[in-house]
Amino acid sequence: TAEVMSHVTAHFGKALEECREESGLSTEVLEEFKHFWSEDFEVVDRELGCAIICMSNKFSLLHDDTRIHQLNMHDYVKSFPNGELLSAKMVELLHNCEKQYDDISDDCSRTVKVAACFKRDAKNEGIAPEVAMIEAVIERY
Ligand code: BOM
């Protein structure tokens with residue numbers, strides 16, 4: 001659900017500042033991670049892909065080849081309130097997106113394509129949060 005996704009995003013987004021330098025993601029491109037879900041934010045910058053890899057690694061969500069670690073991702077999402085309502089769907093959407101861009105060899109470029117696909121599909125499934133929903137829970141993390 002979008003409510004659960006707002007919690008996951010609020011928590012995941014905390015890792016952004018730790019990853020800003022090594023990913024080269026400027027604040028002009030993305031000031032706060034919650035804006036990832038904004039209607040007018042385009043998920044296109046290679047540096048955002050690098051940042052997502054770095055952030056995911058903080059929570060052991062990826063294998064060494066940067067593909068999602070399905071079990072760890074499942075457990076991570078389940079750790080949030082009502083997370084069991086979202087975990088299977090989220091892993092399914094991510095894995096489906098991963099398969100579509102498997103031919104892109106650059107890890108950061110592939111990951112930003114996967115993230116854009118995930119945003120699109122999550123919106124279509126009605127599980128994308130509004131930025132205001134993330135703001136409402138961000139102080140809990
Ligand atoms: O090969 C795939 C690499 C992993 C892609 C992860 C995409 C995440 C998109 C960013 C959205 C985040 C919202 C919530 C946290 C997801 C863990």
# chains A, B, ... in the order shown; residues from 1 in each chain; ligands from 1
call {"tool": "residues_near_ligand", "arguments": {"ligand": "ligand 1", "cutoff": "8 Å", "atoms": "only C-alpha atoms and all ligand atoms", "output": "tab-separated table (two decimals) with N, CA and C atoms, in the first residue's frame"}}
result
chain	number	residue	atom	x	y	z
A	5	MET	N	4.52	2.16	1.76
A	5	MET	CA	5.62	2.67	0.92
A	5	MET	C	6.14	4.00	1.47
A	6	SER	N	5.27	4.81	2.07
A	6	SER	CA	5.74	6.08	2.64
A	6	SER	C	6.71	5.83	3.80
A	8	VAL	N	8.63	3.02	4.17
A	8	VAL	CA	9.85	2.46	3.59
A	8	VAL	C	10.71	3.59	3.01
A	9	THR	N	10.06	4.51	2.29
A	9	THR	CA	10.79	5.61	1.66
A	9	THR	C	11.41	6.54	2.71
A	10	ALA	N	10.64	6.83	3.77
A	10	ALA	CA	11.14	7.72	4.82
A	10	ALA	C	12.40	7.13	5.47
A	11	HIS	N	12.38	5.84	5.70
A	11	HIS	CA	13.54	5.18	6.33
A	11	HIS	C	14.71	5.05	5.35
A	12	PHE	N	14.43	4.56	4.16
A	12	PHE	CA	15.46	4.37	3.13
A	12	PHE	C	16.14	5.70	2.80
A	13	GLY	N	15.34	6.75	2.75
A	13	GLY	CA	15.84	8.07	2.38
A	13	GLY	C	16.84	8.66	3.36
A	36	PHE	N	11.68	11.84	-4.74
A	36	PHE	CA	11.71	10.75	-5.73
A	36	PHE	C	10.30	10.47	-6.25
A	37	TRP	N	9.33	10.54	-5.34
A	37	TRP	CA	7.95	10.18	-5.69
A	37	TRP	C	7.15	11.34	-6.26
A	52	ILE	N	21.32	5.25	-5.24
A	52	ILE	CA	20.41	4.17	-4.82
A	52	ILE	C	21.19	2.89	-4.51
A	53	ILE	N	22.22	2.61	-5.29
A	53	ILE	CA	23.07	1.44	-5.00
A	53	ILE	C	23.73	1.62	-3.64
A	56	SER	N	21.11	1.35	-0.85
A	56	SER	CA	20.65	-0.03	-0.70
A	56	SER	C	21.69	-0.88	0.01
A	61	LEU	N	20.53	-4.68	0.80
A	61	LEU	CA	19.39	-5.03	-0.05
A	61	LEU	C	19.81	-5.56	-1.42
A	62	LEU	N	21.11	-5.55	-1.71
A	62	LEU	CA	21.58	-5.96	-3.03
A	62	LEU	C	22.61	-7.08	-2.95
A	66	THR	N	24.70	-5.98	-7.78
A	66	THR	CA	23.71	-4.91	-7.58
A	66	THR	C	22.27	-5.33	-7.88
A	67	ARG	N	22.04	-6.59	-8.21
A	67	ARG	CA	20.65	-7.05	-8.34
A	67	ARG	C	20.06	-7.19	-6.94
A	68	ILE	N	18.73	-7.01	-6.82
A	68	ILE	CA	18.14	-7.02	-5.48
A	68	ILE	C	18.29	-8.40	-4.81
A	73	MET	N	15.33	-7.89	0.94
A	73	MET	CA	14.36	-6.84	0.59
A	73	MET	C	13.00	-7.16	1.22
A	77	VAL	N	11.18	-4.71	4.04
A	77	VAL	CA	9.85	-4.11	3.87
A	77	VAL	C	8.90	-4.61	4.97
A	94	LEU	N	10.03	-4.89	-8.47
A	94	LEU	CA	11.46	-4.61	-8.65
A	94	LEU	C	12.11	-5.67	-9.55
A	95	HIS	N	11.80	-6.93	-9.28
A	95	HIS	CA	12.41	-7.99	-10.07
A	95	HIS	C	11.97	-7.92	-11.53
A	97	CYS	N	11.16	-5.22	-13.13
A	97	CYS	CA	11.89	-4.10	-13.74
A	97	CYS	C	13.34	-4.47	-14.01
A	98	GLU	N	13.94	-5.18	-13.08
A	98	GLU	CA	15.34	-5.60	-13.25
A	98	GLU	C	15.52	-6.40	-14.53
A	107	ASP	N	26.34	-0.28	-13.87
A	107	ASP	CA	25.45	-0.52	-12.71
A	107	ASP	C	24.60	0.70	-12.36
A	110	ARG	N	21.96	1.28	-15.15
A	110	ARG	CA	20.91	0.27	-15.09
A	110	ARG	C	19.99	0.52	-13.90
A	111	THR	N	20.56	0.86	-12.75
A	111	THR	CA	19.77	1.03	-11.54
A	111	THR	C	18.81	2.21	-11.64
A	112	VAL	N	19.23	3.30	-12.29
A	112	VAL	CA	18.30	4.42	-12.42
A	112	VAL	C	17.15	4.07	-13.37
A	114	VAL	N	15.94	0.99	-13.63
A	114	VAL	CA	15.11	0.10	-12.81
A	114	VAL	C	14.25	0.93	-11.84
A	115	ALA	N	14.86	1.96	-11.26
A	115	ALA	CA	14.13	2.81	-10.31
A	115	ALA	C	12.99	3.56	-10.99
A	116	ALA	N	13.23	4.06	-12.21
A	116	ALA	CA	12.18	4.77	-12.95
A	116	ALA	C	11.04	3.83	-13.30
A	118	PHE	N	10.27	1.15	-11.63
A	118	PHE	CA	9.60	0.84	-10.36
A	118	PHE	C	8.63	1.97	-9.96
A	119	LYS	N	9.06	3.21	-10.14
A	119	LYS	CA	8.19	4.35	-9.81
A	119	LYS	C	6.92	4.31	-10.67
call {"tool": "residues_around", "arguments": {"residues": "A:Ala128", "least_positions_apart": "5", "cutoff": "6 Å", "atoms": "only C-alpha atoms", "output": "list in words"}}
result
Ala2, Ala122 and Lys123 of chain A
call {"tool": "select_by_dssp", "arguments": {"residues": "stretch 1-112 of chain A", "states": "helix (DSSP H, G or I)", "output": "VMD selection string"}}
result
chain A and resid 2 to 23 33 to 37 46 to 58 70 to 78 83 to 85 87 to 100 107 to 112
call {"tool": "residues_around", "arguments": {"residues": "A:Val131", "least_positions_apart": "4", "cutoff": "8 Å", "atoms": "only C-alpha atoms", "output": "CSV table (one decimal) with C-alpha atoms, in the first residue's frame"}}
result
chain,number,residue,atom,x,y,z
A,34,LYS,CA,11.0,12.0,-0.6
A,35,HIS,CA,10.9,14.0,-3.9
A,37,TRP,CA,7.9,10.2,-5.7
A,38,SER,CA,7.0,13.7,-6.8
A,135,GLU,CA,6.5,14.0,5.3
call {"tool": "atom_distance", "arguments": {"atom1": "atom CA of A:Leu86", "atom2": "atom CA of A:Met133"}}
result
16.0 Å
call {"tool": "atom_distance", "arguments": {"atom1": "atom CA of A:Lys14", "atom2": "atom CA of A:Pro81"}}
result
17.6 Å
